[in-house]
Amino acid sequence: PDATFRSSFNRPDATFRSSFQPFVNRPEPTLKSSIDVPISSLRTSNVPVGPRRHTFTDTQKPSATAKGNDLMSIIQRWSHEPPHYDKMYPLERLLVTAPLIFPPINEKVNPHPYFKQWKFITREALMDEDINELRELLKKALRKTKYFLDPVRFPPDFNRKQELLLKTIGNIIRDQEEATLG
């Protein structure tokens, strides 16, 4: 049964054998990466958007904000599900796809050697049938992510956009961590 389960990941009806939602086929994002991550096969989240530290202006609707080509629109498209961008993606997806909004893929932020220090997390590493093992893997991945996103560690020659990108990613991941792991 394990081989059947693992070979069915690309099918739209494939599901995790846990309390998580099934995989949903989604269109690939517009940003391309050299990372071998089929983003469309990652899970979606039922966590509603609530008060967050990375809040966009209250007068803007999320769907209108995400249509722009500025840095915050790119971040919102990365962190929230289309078409209305009112639900956040699950924590696993955010951790795997975070490099897709780093430079040089994200042309709104200048490249910096610090971004190359990111510890890549593969989708396959998070595909475990045992929910307890998955929680432990998420916690380990979160420790590495928090270390990378700690503002104290940012290089002194970071510009405002580089800092804004990493601080916003950190806030989004912390919010989703609270919603996922409690």
# chains A, B, ... in the order shown; residues from 1 in each chain; ligands from 1
call {"tool": "residues_around", "arguments": {"residues": "stretch 114-123 of chain A", "least_positions_apart": "4", "cutoff": "7 Å", "atoms": "only C-alpha atoms", "output": "ChimeraX atom specification"}}
result
/A:37,95-96,102,127,148
call {"tool": "write_last_selection", "arguments": {"atoms": "C-alpha atoms", "output": "PDB file, in the first residue's frame"}}
result
ATOM      1  CA  VAL A  37       9.485  21.393  -6.589  1.00  0.00           C
ATOM      2  CA  LEU A  95       8.861  26.408   3.720  1.00  0.00           C
ATOM      3  CA  VAL A  96       9.459  24.575   0.433  1.00  0.00           C
ATOM      4  CA  PHE A 102      14.392  35.318  -3.175  1.00  0.00           C
ATOM      5  CA  MET A 127       5.993  13.673   2.778  1.00  0.00           C
ATOM      6  CA  PHE A 148      18.027  32.358   8.672  1.00  0.00           C
TER       7      PHE A 148
END
call {"tool": "residues_around", "arguments": {"residues": "A:Gly182", "least_positions_apart": "5", "cutoff": "12 Å", "atoms": "only C-alpha atoms", "output": "JSON, numbers by chain"}}
result
{"A": [135, 139, 174, 175, 176, 177]}
call {"tool": "write_last_selection", "arguments": {"atoms": "N, CA and C atoms", "output": "PDB file, in the first residue's frame"}}
result
ATOM      1  N   ARG A 135       5.420  16.347  12.099  1.00  0.00           N
ATOM      2  CA  ARG A 135       5.509  17.480  13.038  1.00  0.00           C
ATOM      3  C   ARG A 135       6.955  17.725  13.455  1.00  0.00           C
ATOM      4  N   LYS A 139       9.165  21.065  12.731  1.00  0.00           N
ATOM      5  CA  LYS A 139       9.823  21.814  13.805  1.00  0.00           C
ATOM      6  C   LYS A 139      11.307  22.028  13.492  1.00  0.00           C
ATOM      7  N   ARG A 174       5.886  32.576  10.876  1.00  0.00           N
ATOM      8  CA  ARG A 174       5.538  32.490  12.305  1.00  0.00           C
ATOM      9  C   ARG A 174       4.028  32.401  12.508  1.00  0.00           C
ATOM     10  N   ASP A 175       3.271  33.195  11.765  1.00  0.00           N
ATOM     11  CA  ASP A 175       1.809  33.126  11.881  1.00  0.00           C
ATOM     12  C   ASP A 175       1.285  31.759  11.483  1.00  0.00           C
ATOM     13  N   GLN A 176       1.800  31.212  10.413  1.00  0.00           N
ATOM     14  CA  GLN A 176       1.336  29.907   9.951  1.00  0.00           C
ATOM     15  C   GLN A 176       1.814  28.811  10.896  1.00  0.00           C
ATOM     16  N   GLU A 177       2.971  28.989  11.517  1.00  0.00           N
ATOM     17  CA  GLU A 177       3.446  28.024  12.506  1.00  0.00           C
ATOM     18  C   GLU A 177       2.486  27.978  13.702  1.00  0.00           C
TER      19      GLU A 177
END
call {"tool": "closest_residue", "arguments": {"among": "A:Leu94, A:Leu164, A:Val152, A:Ala141", "to": "A:His80", "atoms": "only C-alpha atoms"}}
result
A:Leu94
